file run_28.tsv (TSV, C-alpha atoms)
chain	number	residue	atom	x	y	z
Q	1	MET	CA	-7.28	-12.11	23.39
Q	2	SER	CA	-6.19	-8.49	23.55
Q	3	ILE	CA	-3.20	-6.20	23.72
Q	4	GLU	CA	-2.80	-7.12	27.38
Q	5	LYS	CA	-3.09	-10.88	26.85
Q	6	LYS	CA	-1.21	-12.35	23.90
Q	7	PRO	CA	-2.07	-15.75	22.37
Q	8	GLY	CA	-0.49	-18.68	24.20
Q	9	ARG	CA	2.33	-20.77	22.78
Q	10	LEU	CA	0.03	-23.65	21.85
Q	11	ALA	CA	-2.47	-21.42	20.08
Q	12	GLN	CA	0.31	-19.54	18.31
Q	13	HIS	CA	1.92	-22.78	17.12
Q	14	ALA	CA	-1.42	-24.11	15.91
Q	15	LEU	CA	-1.98	-20.96	13.84
Q	16	VAL	CA	1.53	-20.41	12.52
Q	17	THR	CA	2.43	-23.99	11.50
Q	18	PRO	CA	-0.11	-24.39	8.65
Q	19	ILE	CA	0.46	-20.80	7.50
Q	20	LYS	CA	4.21	-21.36	7.36
Q	21	ALA	CA	3.74	-24.59	5.40
Q	22	PHE	CA	1.47	-22.81	2.92
Q	23	ILE	CA	3.90	-19.91	2.46
Q	24	ASN	CA	6.80	-22.28	1.86
Q	25	SER	CA	4.77	-24.21	-0.72
Q	26	ARG	CA	4.25	-21.00	-2.71
Q	27	SER	CA	7.66	-19.34	-2.43
Q	28	VAL	CA	11.28	-20.16	-1.77
Q	29	ILE	CA	11.80	-18.43	1.59
Q	30	GLU	CA	15.34	-17.56	2.63
Q	31	ILE	CA	16.01	-16.01	6.05
Q	32	GLU	CA	19.21	-14.01	5.63
Q	33	ARG	CA	19.45	-12.90	9.25
Q	34	ASN	CA	17.24	-13.07	12.33
Q	35	ASP	CA	18.22	-10.87	15.29
Q	36	THR	CA	14.86	-11.53	16.99
Q	37	ILE	CA	16.11	-14.95	18.15
Q	38	GLY	CA	16.65	-14.62	21.90
Q	39	LEU	CA	15.54	-10.97	21.91
Q	40	LYS	CA	13.18	-10.32	24.83
Q	41	PRO	CA	10.14	-8.08	24.28
Q	42	PRO	CA	9.10	-5.37	24.34
Q	43	TYR	CA	10.65	-4.30	21.06
Q	44	VAL	CA	9.52	-2.82	17.76
Q	45	ILE	CA	9.66	-4.45	14.32
Q	46	ILE	CA	9.39	-2.05	11.40
Q	47	SER	CA	9.18	-3.43	7.89
Q	48	ASN	CA	8.77	-2.47	4.26
Q	49	HIS	CA	5.30	-3.28	2.90
Q	50	VAL	CA	5.20	-5.12	-0.43
Q	51	ASN	CA	2.68	-7.95	-0.20
Q	52	ASN	CA	-0.65	-8.80	1.44
Q	53	TRP	CA	1.15	-11.64	3.21
Q	54	ASP	CA	3.78	-9.40	4.87
Q	55	PRO	CA	2.36	-9.71	8.42
Q	56	LEU	CA	2.29	-13.49	8.12
Q	57	PHE	CA	5.78	-13.61	6.59
Q	58	LEU	CA	7.13	-11.87	9.68
Q	59	ASN	CA	5.01	-13.73	12.24
Q	60	CYS	CA	6.21	-17.10	10.93
Q	61	TYR	CA	9.83	-16.31	11.78
Q	62	VAL	CA	9.47	-14.42	15.06
Q	63	ASP	CA	8.98	-16.49	18.22
Q	64	GLU	CA	6.68	-13.94	19.88
Q	65	PRO	CA	3.25	-13.09	18.42
Q	66	ILE	CA	3.44	-9.64	16.86
Q	67	CYS	CA	1.00	-6.93	17.92
Q	68	TYR	CA	0.51	-5.07	14.62
Q	69	ILE	CA	-0.70	-1.54	14.08
Q	70	ALA	CA	-3.46	-2.15	11.51
Q	71	GLY	CA	-5.46	0.18	9.29
Q	72	GLU	CA	-8.75	1.31	10.81
Q	73	PRO	CA	-10.89	0.27	7.78
Q	74	LEU	CA	-10.00	-3.39	8.43
Q	75	PHE	CA	-11.85	-3.16	11.76
Q	76	ARG	CA	-15.08	-2.16	9.97
Q	77	ASN	CA	-15.36	-5.69	8.62
Q	78	PRO	CA	-16.98	-7.73	11.44
Q	79	PHE	CA	-15.08	-10.94	10.59
Q	80	LEU	CA	-11.67	-9.26	10.31
Q	81	LYS	CA	-12.37	-7.22	13.42
Q	82	HIS	CA	-12.78	-10.43	15.45
Q	83	ILE	CA	-9.46	-11.83	14.18
Q	84	LEU	CA	-7.58	-8.57	14.67
Q	85	ASN	CA	-8.89	-8.13	18.20
Q	86	TYR	CA	-7.92	-11.72	19.02
Q	87	ALA	CA	-4.34	-11.05	17.86
Q	88	GLY	CA	-4.16	-7.78	19.81
Q	89	ALA	CA	-3.94	-5.59	16.72
Q	90	ILE	CA	-3.88	-1.84	17.31
Q	91	ARG	CA	-6.37	0.23	15.29
Q	92	LYS	CA	-4.89	3.13	13.32
Q	93	THR	CA	-6.55	5.61	10.98
Q	94	LYS	CA	-4.14	5.96	8.09
Q	95	PHE	CA	-2.34	9.26	7.54
Q	96	THR	CA	-4.10	11.02	10.42
Q	97	ASN	CA	-3.05	11.78	14.00
Q	98	ASP	CA	-4.64	9.32	16.41
Q	99	THR	CA	-3.98	9.62	20.16
Q	100	THR	CA	-5.86	6.37	20.85
Q	101	THR	CA	-3.31	4.50	18.75
Q	102	ILE	CA	-0.44	5.99	20.77
Q	103	ARG	CA	-2.08	5.02	24.06
Q	104	ASN	CA	-2.59	1.46	22.87
Q	105	VAL	CA	0.99	1.16	21.63
Q	106	ILE	CA	2.25	2.30	25.03
Q	107	LYS	CA	-0.05	-0.28	26.61
Q	108	ALA	CA	1.51	-2.95	24.36
Q	109	LYS	CA	4.96	-1.90	25.54
Q	110	LYS	CA	3.93	-2.16	29.19
Q	111	HIS	CA	2.65	-5.70	28.56
Q	112	ASN	CA	5.89	-6.77	26.87
Q	113	ARG	CA	4.51	-7.17	23.38
Q	114	VAL	CA	6.37	-7.15	20.08
Q	115	ILE	CA	4.96	-4.15	18.21
Q	116	GLY	CA	4.79	-4.45	14.42
Q	117	ILE	CA	4.72	-1.34	12.23
Q	118	PHE	CA	4.63	-0.89	8.46
Q	119	PRO	CA	5.73	2.77	8.39
Q	120	GLU	CA	4.86	3.33	4.73
Q	121	GLY	CA	1.20	2.97	5.72
Q	122	ASN	CA	0.47	1.15	2.46
Q	123	ARG	CA	1.93	-1.42	0.11
Q	124	ASN	CA	4.14	0.14	-2.53
Q	125	TRP	CA	3.31	-0.25	-6.22
Q	126	ASP	CA	6.72	-0.65	-7.86
Q	127	GLY	CA	8.96	-2.38	-5.29
Q	128	VAL	CA	10.47	0.87	-3.97
Q	129	ASN	CA	9.63	2.21	-0.50
Q	130	GLU	CA	6.99	4.87	-0.20
Q	131	PRO	CA	7.93	7.75	2.13
Q	132	ILE	CA	7.40	6.59	5.70
Q	133	ILE	CA	4.77	8.32	7.82
Q	134	TYR	CA	6.53	10.99	9.89
Q	135	SER	CA	4.66	10.14	13.09
Q	136	THR	CA	6.39	6.72	13.07
Q	137	ALA	CA	9.64	8.45	14.04
Q	138	LYS	CA	7.87	10.22	16.91
Q	139	LEU	CA	6.40	6.94	18.09
Q	140	VAL	CA	9.67	4.99	17.91
Q	141	LYS	CA	11.48	7.75	19.80
Q	142	LEU	CA	8.71	7.85	22.44
Q	143	LEU	CA	8.79	4.08	23.01
Q	144	ASN	CA	12.58	4.08	23.52
Q	145	ILE	CA	12.88	0.27	23.14
Q	146	PRO	CA	14.92	-1.89	20.75
Q	147	VAL	CA	14.08	-1.54	17.04
Q	148	VAL	CA	14.39	-4.42	14.59
Q	149	VAL	CA	14.22	-3.59	10.89
Q	150	ALA	CA	12.65	-6.36	8.82
Q	151	LYS	CA	13.34	-6.20	5.11
Q	152	ILE	CA	11.36	-8.30	2.62
Q	153	LYS	CA	13.03	-8.79	-0.78
Q	154	GLY	CA	11.23	-10.47	-3.65
Q	155	GLY	CA	7.81	-10.00	-2.08
Q	156	HIS	CA	6.81	-7.35	-4.62
Q	157	LEU	CA	7.85	-9.47	-7.61
Q	158	SER	CA	6.05	-12.51	-6.18
Q	159	HIS	CA	2.79	-10.53	-6.05
Q	160	PRO	CA	2.96	-6.96	-7.38
Q	161	ARG	CA	0.18	-4.80	-6.06
Q	162	TRP	CA	-1.18	-4.16	-9.54
Q	163	GLY	CA	-1.34	-7.87	-10.40
Q	164	ASP	CA	-3.64	-10.78	-9.68
Q	165	GLY	CA	-2.33	-14.11	-8.49
Q	166	HIS	CA	0.91	-15.33	-6.96
Q	167	ARG	CA	4.19	-15.74	-8.86
Q	168	LYS	CA	6.42	-18.42	-7.39
Q	169	GLY	CA	10.01	-17.36	-6.75
Q	170	LYS	CA	12.55	-16.46	-4.08
Q	171	ILE	CA	11.71	-14.22	-1.12
Q	172	GLN	CA	14.52	-13.15	1.20
Q	173	ILE	CA	13.72	-11.84	4.68
Q	174	SER	CA	16.12	-10.30	7.17
Q	175	PHE	CA	15.53	-9.15	10.76
Q	176	GLU	CA	18.30	-6.77	11.80
Q	177	LYS	CA	18.41	-5.11	15.21
Q	178	HIS	CA	19.45	-1.55	14.47
Q	179	TRP	CA	18.93	0.15	17.84
Q	180	ALA	CA	18.89	-0.96	21.47
Q	181	ASP	CA	17.14	0.67	24.46
Q	182	GLY	CA	18.03	4.35	24.67
Q	183	ASP	CA	19.92	4.58	21.35
Q	184	LEU	CA	17.41	7.01	19.86
Q	185	LYS	CA	16.52	8.91	23.04
Q	186	ASN	CA	18.78	11.92	22.49
Q	187	LEU	CA	18.13	12.28	18.76
Q	188	SER	CA	15.66	14.72	17.25
Q	189	VAL	CA	12.56	13.36	15.55
Q	190	ASP	CA	14.00	14.46	12.19
Q	191	GLU	CA	17.16	12.46	12.87
Q	192	VAL	CA	15.14	9.39	13.87
Q	193	TYR	CA	13.05	9.76	10.72
Q	194	GLU	CA	16.18	9.84	8.53
Q	195	LYS	CA	17.65	6.80	10.26
Q	196	LEU	CA	14.43	4.80	9.87
Q	197	THR	CA	14.18	5.79	6.20
Q	198	ASP	CA	17.77	4.76	5.48
Q	199	ALA	CA	17.51	1.48	7.41
Q	200	MET	CA	14.27	0.43	5.67
Q	201	PHE	CA	15.15	1.36	2.11
Q	202	HIS	CA	14.75	-1.34	-0.49
Q	203	ASP	CA	14.57	-1.03	-4.28
Q	204	GLU	CA	13.29	-4.31	-5.70
Q	205	VAL	CA	14.37	-3.37	-9.23
Q	206	ASP	CA	18.00	-2.78	-8.23
Q	207	TRP	CA	17.97	-5.94	-6.08
Q	208	GLN	CA	16.56	-8.00	-8.95
Q	209	GLN	CA	19.18	-6.73	-11.38
Q	210	HIS	CA	21.77	-8.56	-9.26
Q	211	GLU	CA	19.63	-11.57	-8.29
Q	212	MET	CA	17.87	-12.26	-11.62
Q	213	ASN	CA	15.30	-14.55	-10.00
Q	214	THR	CA	12.32	-15.73	-12.01
Q	215	TYR	CA	8.71	-15.16	-10.88
Q	216	LYS	CA	6.46	-17.18	-13.14
Q	217	ALA	CA	2.74	-16.71	-13.70
Q	218	LYS	CA	0.19	-17.73	-16.33
Q	219	ASN	CA	-0.69	-14.13	-17.22
Q	220	PRO	CA	2.18	-12.06	-15.82
Q	221	ALA	CA	1.15	-8.73	-17.35
Q	222	HIS	CA	-2.41	-8.82	-15.94
Q	223	TYR	CA	-3.35	-6.05	-14.84
Q	224	LEU	CA	-0.54	-3.57	-15.44
Q	225	GLU	CA	-3.00	-0.89	-16.54
Q	226	ARG	CA	-3.93	-0.49	-12.87
Q	227	LEU	CA	-0.48	1.08	-12.41
Q	228	LEU	CA	0.59	2.28	-15.87
Q	229	TYR	CA	-2.14	4.26	-17.60
Q	230	ILE	CA	-0.17	6.62	-19.90
Q	231	CYS	CA	1.50	5.37	-23.07
Q	232	PRO	CA	5.16	6.48	-23.20
Q	233	HIS	CA	5.13	6.38	-27.01
Q	234	CYS	CA	2.11	8.56	-27.86
Q	235	GLN	CA	1.56	9.94	-24.32
Q	236	THR	CA	-2.18	9.19	-24.52
Q	237	PRO	CA	-3.78	8.36	-21.16
Q	238	GLY	CA	-6.30	5.61	-20.63
Q	239	PHE	CA	-5.58	3.29	-23.58
Q	240	MET	CA	-3.13	0.78	-22.05
Q	241	HIS	CA	-4.26	-2.85	-22.05
Q	242	SER	CA	-2.79	-6.15	-20.86
Q	243	VAL	CA	-3.23	-9.64	-22.33
Q	244	GLY	CA	-1.18	-12.60	-21.11
Q	245	ASP	CA	2.41	-11.35	-20.96
Q	246	LEU	CA	1.78	-8.46	-23.37
Q	247	PHE	CA	1.08	-4.82	-22.51
Q	248	PHE	CA	0.12	-2.44	-25.30
Q	249	CYS	CA	-1.50	0.89	-26.20
Q	250	LYS	CA	-4.79	0.64	-28.08
Q	251	SER	CA	-4.22	4.13	-29.50
Q	252	CYS	CA	-0.79	3.75	-31.15
Q	253	GLN	CA	-0.17	-0.05	-30.82
Q	254	TYR	CA	3.07	0.41	-28.86
Q	255	LYS	CA	3.65	-3.03	-27.32
Q	256	VAL	CA	6.01	-4.61	-24.77
Q	257	ARG	CA	6.31	-8.03	-23.14
Q	258	TYR	CA	6.44	-8.36	-19.34
Q	259	THR	CA	8.90	-11.14	-18.44
Q	260	ALA	CA	9.34	-13.53	-15.52
Q	261	TYR	CA	12.21	-11.28	-14.39
Q	262	GLY	CA	9.87	-8.35	-13.83
Q	263	ASN	CA	11.11	-6.23	-16.75
Q	264	PHE	CA	9.97	-5.35	-20.27
Q	265	GLU	CA	11.12	-6.67	-23.64
Q	266	SER	CA	10.38	-4.99	-26.95
Q	267	THR	CA	8.04	-6.61	-29.47
Q	268	ASN	CA	7.32	-4.09	-32.21
Q	269	LEU	CA	9.12	-0.86	-31.23
Q	270	PRO	CA	12.13	0.04	-29.06
Q	271	ILE	CA	11.12	0.09	-25.40
Q	272	HIS	CA	10.93	3.43	-23.64
Q	273	TYR	CA	11.30	2.06	-20.09
Q	274	GLU	CA	12.70	-1.29	-19.01
Q	275	THR	CA	10.74	-1.69	-15.75
Q	276	PRO	CA	7.34	-0.70	-14.31
Q	277	ARG	CA	9.24	1.41	-11.76
Q	278	ASP	CA	10.85	3.58	-14.44
Q	279	TRP	CA	7.64	3.83	-16.47
Q	280	LYS	CA	5.70	4.83	-13.32
Q	281	ASN	CA	8.27	7.54	-12.45
Q	282	TRP	CA	7.99	9.02	-15.95
Q	283	GLN	CA	4.19	8.87	-15.72
Q	284	SER	CA	4.26	10.81	-12.43
Q	285	SER	CA	6.38	13.52	-14.04
Q	286	ILE	CA	3.92	13.83	-16.94
Q	287	LEU	CA	1.00	14.26	-14.53
Q	288	ASP	CA	2.91	16.91	-12.61
Q	289	GLN	CA	3.91	18.70	-15.80
Q	290	TYR	CA	0.49	18.86	-17.44
Q	291	PHE	CA	-1.89	19.16	-14.50
Q	292	ASP	CA	-2.32	22.93	-14.93
Q	293	HIS	CA	-2.12	22.87	-18.73
Q	294	PRO	CA	-5.18	24.49	-20.40
Q	295	ASP	CA	-5.92	21.35	-22.42
Q	296	TRP	CA	-5.45	18.97	-19.49
Q	297	GLN	CA	-9.14	18.56	-18.71
Q	298	ASN	CA	-10.08	17.82	-22.32
Q	299	SER	CA	-7.27	15.36	-22.97
Q	300	TRP	CA	-7.95	13.47	-19.74
Q	301	ALA	CA	-11.76	13.58	-19.78
Q	302	ASP	CA	-12.17	10.08	-21.22
Q	303	CYS	CA	-9.44	8.65	-18.99
Q	304	LEU	CA	-11.07	9.88	-15.79
Q	305	LYS	CA	-14.35	8.00	-16.04
Q	306	ASP	CA	-14.90	4.77	-14.15
Q	307	PRO	CA	-17.87	2.80	-12.77
Q	308	ILE	CA	-17.70	2.35	-9.00
Q	309	ASN	CA	-19.65	1.32	-5.94
Q	310	LEU	CA	-19.64	4.11	-3.36
Q	311	TYR	CA	-19.83	3.24	0.34
Q	312	VAL	CA	-19.92	5.33	3.50
Q	313	SER	CA	-19.15	4.49	7.11
Q	314	LYS	CA	-20.44	6.78	9.86
Q	315	ASP	CA	-19.22	6.71	13.46
Q	316	LYS	CA	-16.85	3.78	12.72
Q	317	LYS	CA	-19.74	1.50	11.81
Q	318	PRO	CA	-19.61	-1.04	8.92
Q	319	PHE	CA	-19.75	0.38	5.40
Q	320	GLU	CA	-23.13	0.95	3.81
Q	321	LEU	CA	-23.65	1.13	0.05
Q	322	ILE	CA	-24.68	4.56	-1.23
Q	323	GLY	CA	-25.06	3.33	-4.78
Q	324	THR	CA	-23.51	2.14	-8.03
Q	325	GLY	CA	-22.65	4.84	-10.51
Q	326	LYS	CA	-20.04	6.66	-12.58
Q	327	LEU	CA	-17.04	8.50	-11.13
Q	328	THR	CA	-15.87	11.50	-13.16
Q	329	TRP	CA	-13.56	14.44	-12.65
Q	330	ASN	CA	-14.21	18.17	-12.99
Q	331	HIS	CA	-11.34	20.53	-12.25
Q	332	TYR	CA	-10.72	19.98	-8.50
Q	333	GLU	CA	-13.71	17.75	-7.77
Q	334	PHE	CA	-14.53	14.06	-8.03
Q	335	ILE	CA	-18.17	13.62	-9.06
Q	336	PHE	CA	-20.22	10.49	-8.39
Q	337	LYS	CA	-23.47	10.11	-10.36
Q	338	THR	CA	-26.28	7.58	-10.17
Q	339	GLU	CA	-29.75	7.76	-11.71
Q	340	GLN	CA	-31.04	9.15	-8.42
Q	341	GLU	CA	-28.34	11.53	-7.15
Q	342	THR	CA	-25.03	13.31	-7.67
Q	343	LEU	CA	-22.34	13.72	-5.01
Q	344	SER	CA	-19.46	16.11	-5.50
Q	345	PHE	CA	-16.28	15.80	-3.41
Q	346	GLN	CA	-13.82	18.69	-3.26
Q	347	ILE	CA	-10.66	16.61	-3.05
Q	348	LYS	CA	-8.58	19.32	-1.40
Q	349	HIS	CA	-10.82	18.79	1.65
Q	350	ALA	CA	-10.50	15.00	1.72
Q	351	ASP	CA	-8.23	13.60	4.46
Q	352	GLY	CA	-6.20	10.41	4.48
Q	353	VAL	CA	-6.75	9.56	0.81
Q	354	ASN	CA	-5.30	6.08	0.26
Q	355	ILE	CA	-5.91	2.75	-1.43
Q	356	GLN	CA	-6.91	-0.53	0.20
Q	357	PHE	CA	-5.67	-3.56	-1.76
Q	358	HIS	CA	-5.57	-2.29	-5.36
Q	359	HIS	CA	-9.15	-1.22	-6.05
Q	360	LYS	CA	-10.60	0.56	-3.01
Q	361	LEU	CA	-10.02	4.30	-2.69
Q	362	ASP	CA	-10.67	5.48	0.89
Q	363	PHE	CA	-10.86	8.97	2.36
Q	364	LEU	CA	-12.37	10.95	5.23
Q	365	TYR	CA	-14.78	13.73	4.30
Q	366	ASP	CA	-16.90	15.81	6.67
Q	367	ASP	CA	-16.14	13.31	9.46
Q	368	ASP	CA	-17.51	10.40	7.41
Q	369	PHE	CA	-15.44	7.61	5.90
Q	370	TYR	CA	-15.97	7.00	2.18
Q	371	ARG	CA	-14.87	4.08	0.05
Q	372	MET	CA	-14.90	4.01	-3.76
Q	373	VAL	CA	-14.71	0.42	-5.02
Q	374	PHE	CA	-13.49	0.11	-8.62
Q	375	TYR	CA	-15.16	-3.20	-9.42
Q	376	GLU	CA	-14.07	-3.51	-13.06
Q	377	PRO	CA	-10.74	-5.40	-12.95
Q	378	ARG	CA	-8.92	-3.11	-15.39
Q	379	SER	CA	-9.91	0.14	-13.66
Q	380	SER	CA	-7.09	2.03	-11.99
Q	381	ALA	CA	-7.78	3.30	-8.48
Q	382	TYR	CA	-4.09	4.25	-8.43
Q	383	LYS	CA	-4.73	6.74	-11.27
Q	384	TRP	CA	-7.40	8.46	-9.18
Q	385	LEU	CA	-5.12	8.50	-6.14
Q	386	GLN	CA	-2.39	10.27	-8.13
Q	387	VAL	CA	-4.89	12.84	-9.43
Q	388	ALA	CA	-6.18	13.40	-5.88
Q	389	LYS	CA	-2.63	13.99	-4.63
Q	390	GLN	CA	-2.00	16.42	-7.47
Q	391	ILE	CA	-5.20	18.34	-6.65
Q	392	GLN	CA	-4.25	18.58	-2.98
Q	393	LYS	CA	-0.79	19.81	-3.89
Q	394	GLU	CA	-2.12	22.48	-6.24
Q	395	THR	CA	-5.05	23.84	-4.22
Q	396	SER	CA	-5.59	25.84	-1.07
Q	397	SER	CA	-8.23	25.42	1.65
Q	398	GLU	CA	-11.86	26.30	1.00
Q	399	PRO	CA	-15.07	25.54	2.95
Q	400	ARG	CA	-15.75	21.82	3.24
Q	401	GLY	CA	-18.84	20.05	1.97
Q	402	VAL	CA	-20.47	17.27	0.00
Q	403	THR	CA	-22.70	18.78	-2.65
Q	404	ASN	CA	-25.94	16.96	-3.39
Q	405	GLY	CA	-27.55	17.59	-6.75

call {"tool": "encode", "arguments": {"input": "run_28.tsv", "output": "structure tokens"}}
result
Amino acid sequence: MSIEKKPGRLAQHALVTPIKAFINSRSVIEIERNDTIGLKPPYVIISNHVNNWDPLFLNCYVDEPICYIAGEPLFRNPFLKHILNYAGAIRKTKFTNDTTTIRNVIKAKKHNRVIGIFPEGNRNWDGVNEPIIYSTAKLVKLLNIPVVVAKIKGGHLSHPRWGDGHRKGKIQISFEKHWADGDLKNLSVDEVYEKLTDAMFHDEVDWQQHEMNTYKAKNPAHYLERLLYICPHCQTPGFMHSVGDLFFCKSCQYKVRYTAYGNFESTNLPIHYETPRDWKNWQSSILDQYFDHPDWQNSWADCLKDPINLYVSKDKKPFELIGTGKLTWNHYEFIFKTEQETLSFQIKHADGVNIQFHHKLDFLYDDDFYRMVFYEPRSSAYKWLQVAKQIQKETSSEPRGVTNG
């Protein structure tokens, strides 16, 4: 199959039926509203991105097969590439301009496809939307076709990005048609961007405070240290640890319990933050506050050391392993060391830095595509992403290069 030729009804039914049965066995699915019923393609579906199953959640409740814009790294896996091409997925390099993607989306419109977009470009970590990619507004305005906003509620709590394993509970999905043909034509791109942002917004924490659904798991706090790596009590980075439903600091013994409601309860000291969202927001402010502090490098030296596998993909070919070694940080560089070699990456020159799943840090560097795989389950790729963003915010452009030593 391809963008031009969508899967037939029989093939679609054969694929969707078992997937839908599996999803319903794991979660209580509630469709609040579905404006796609009777809606003729082409049209666009934009959705918040909270769960690895998001594309399947949507496909199960839309009559037409959805032609998703998918991250380019997925196509470097030969097995996934075959599936994605069969479904007519459109390749997109995250957080970079890509004219090929635009041409293929226009082709999908001409062939009356339903075009699926996750404008955040990545799953969020705390149940609150990430800023949407600005080019999404340009694309939606260019297409000038109906726009349906899909909103998934409870998907984050059923499988938070930092966690392992599914937590059974309620997931609500709505499909609301916000704009018809021509509604966005005379608006500026900035206006379209604001409208998309407002229409998509969802805060899982605020929603859960009203719903109070339970999401049960055997070890619900595993692995919160992937997201929360600074203790709010002693402010020491790199000593948080999860066991069962407990999350504690190995430096000062501050301890909280993560509940089936997705919040924290105190165990030995008053809690500083009631939810991972609030703790994460405080953590971000600490990083921003102390990044340029003279003692920052010393106090964070132990925190910014992790074993990884480093891969590279050249000319859009499958990833090849460079080696297994230690990732460390030095001022504005990430340094990868093995017994044989040292590679130094000036992060201000890395493009499209983002995380795949929860443990793969991807970026473009000197026209090559690198992937750092944090294979130890308690390592935090998210921590390194936040440091990379801070470096890029604080630094100016210098000559590019990978230093071999």

call {"tool": "atom_distance", "arguments": {"input": "run_28.tsv", "atom1": "atom CA of His49 of chain Q", "atom2": "atom CA of Ala199 of chain Q"}}
result
13.9 Å

call {"tool": "closest_residue", "arguments": {"input": "run_28.tsv", "among": "Q:Trp162, Q:Phe201, Q:Trp207, Q:Phe345", "to": "Pro119 of chain Q", "atoms": "all atoms listed in the file"}}
result
Q:Phe201

call {"tool": "closest_residue", "arguments": {"input": "run_28.tsv", "among": "Q:Thr267, Q:Gln340, Q:Gln390, Q:Asn112", "to": "Gln289 of chain Q", "atoms": "all atoms listed in the file"}}
result
Q:Gln390

call {"tool": "atom_distance", "arguments": {"input": "run_28.tsv", "atom1": "atom CA of Phe22 of chain Q", "atom2": "atom CA of Leu227 of chain Q"}}
result
28.5 Å

call {"tool": "atom_distance", "arguments": {"input": "run_28.tsv", "atom1": "atom CA of Tyr311 of chain Q", "atom2": "atom CA of Phe369 of chain Q"}}
result
8.3 Å

call {"tool": "closest_residue", "arguments": {"input": "run_28.tsv", "among": "Q:His111, Q:His349, Q:Arg91, Q:Lys20", "to": "Lys5 of chain Q", "atoms": "all atoms listed in the file"}}
result
Q:His111

call {"tool": "closest_residue", "arguments": {"input": "run_28.tsv", "among": "Q:Gln386, Q:Thr236, Q:Asn354, Q:Thr338", "to": "Ser284 of chain Q", "atoms": "all atoms listed in the file"}}
result
Q:Gln386

call {"tool": "closest_residue", "arguments": {"input": "run_28.tsv", "among": "Q:Asp245, Q:Asp295, Q:Glu320, Q:Asp278", "to": "Ser266 of chain Q", "atoms": "all atoms listed in the file"}}
result
Q:Asp245

call {"tool": "residues_near_point", "arguments": {"input": "run_28.tsv", "point": "(5.9, -5.5, 20.3)", "cutoff": "9 Å", "atoms": "all atoms listed in the file", "output": "PyMOL selection string"}}
result
chain Q and resi 41-45+64-68+105+108-109+111-116

call {"tool": "write_last_selection", "arguments": {"input": "run_28.tsv", "atoms": "C-alpha atoms", "output": "JSON list (two decimals), in the coordinates of the input"}}
result
[["chain", "number", "residue", "atom", "x", "y", "z"],
["Q", 41, "PRO", "CA", 10.14, -8.08, 24.28],
["Q", 42, "PRO", "CA", 9.10, -5.37, 24.34],
["Q", 43, "TYR", "CA", 10.65, -4.30, 21.06],
["Q", 44, "VAL", "CA", 9.52, -2.82, 17.76],
["Q", 45, "ILE", "CA", 9.66, -4.45, 14.32],
["Q", 64, "GLU", "CA", 6.68, -13.94, 19.88],
["Q", 65, "PRO", "CA", 3.25, -13.09, 18.42],
["Q", 66, "ILE", "CA", 3.44, -9.64, 16.86],
["Q", 67, "CYS", "CA", 1.00, -6.93, 17.92],
["Q", 68, "TYR", "CA", 0.51, -5.07, 14.62],
["Q", 105, "VAL", "CA", 0.99, 1.16, 21.63],
["Q", 108, "ALA", "CA", 1.51, -2.95, 24.36],
["Q", 109, "LYS", "CA", 4.96, -1.90, 25.54],
["Q", 111, "HIS", "CA", 2.65, -5.70, 28.56],
["Q", 112, "ASN", "CA", 5.89, -6.77, 26.87],
["Q", 113, "ARG", "CA", 4.51, -7.17, 23.38],
["Q", 114, "VAL", "CA", 6.37, -7.15, 20.08],
["Q", 115, "ILE", "CA", 4.96, -4.15, 18.21],
["Q", 116, "GLY", "CA", 4.79, -4.45, 14.42]]

call {"tool": "residues_around", "arguments": {"input": "run_28.tsv", "residues": "Ile90 of chain Q", "least_positions_apart": "4", "cutoff": "7 Å", "atoms": "all atoms listed in the file", "output": "number ranges by chain"}}
result
Q: 68-70, 101, 104

call {"tool": "residues_near_point", "arguments": {"input": "run_28.tsv", "point": "(22.9, -6.6, 9.4)", "cutoff": "12 Å", "atoms": "all atoms listed in the file", "output": "list in words"}}
result
Glu32, Arg33, Asn34, Asp35, Val148, Val149, Ala150, Lys151, Ile173, Ser174, Phe175, Glu176, Lys177, His178, Trp179, Ala199 and Met200 of chain Q

call {"tool": "closest_residue", "arguments": {"input": "run_28.tsv", "among": "Q:Asn129, Q:Gln392, Q:Asn298, Q:Ser27", "to": "Ile171 of chain Q", "atoms": "all atoms listed in the file"}}
result
Q:Ser27

call {"tool": "residues_around", "arguments": {"input": "run_28.tsv", "residues": "Ile132 of chain Q", "least_positions_apart": "3", "cutoff": "9 Å", "atoms": "only C-alpha atoms", "output": "list in words"}}
result
Phe118, Pro119, Glu120, Gly121, Asn129, Ser135, Thr136, Ala137, Tyr193, Leu196 and Thr197 of chain Q

call {"tool": "residues_around", "arguments": {"input": "run_28.tsv", "residues": "Lys170 of chain Q", "least_positions_apart": "4", "cutoff": "8 Å", "atoms": "all atoms listed in the file", "output": "number ranges by chain"}}
result
Q: 27-30, 154, 158, 213-215

call {"tool": "residues_around", "arguments": {"input": "run_28.tsv", "residues": "His358 of chain Q", "least_positions_apart": "5", "cutoff": "8 Å", "atoms": "only C-alpha atoms", "output": "PyMOL selection string"}}
result
chain Q and resi 161-162+226+381-382
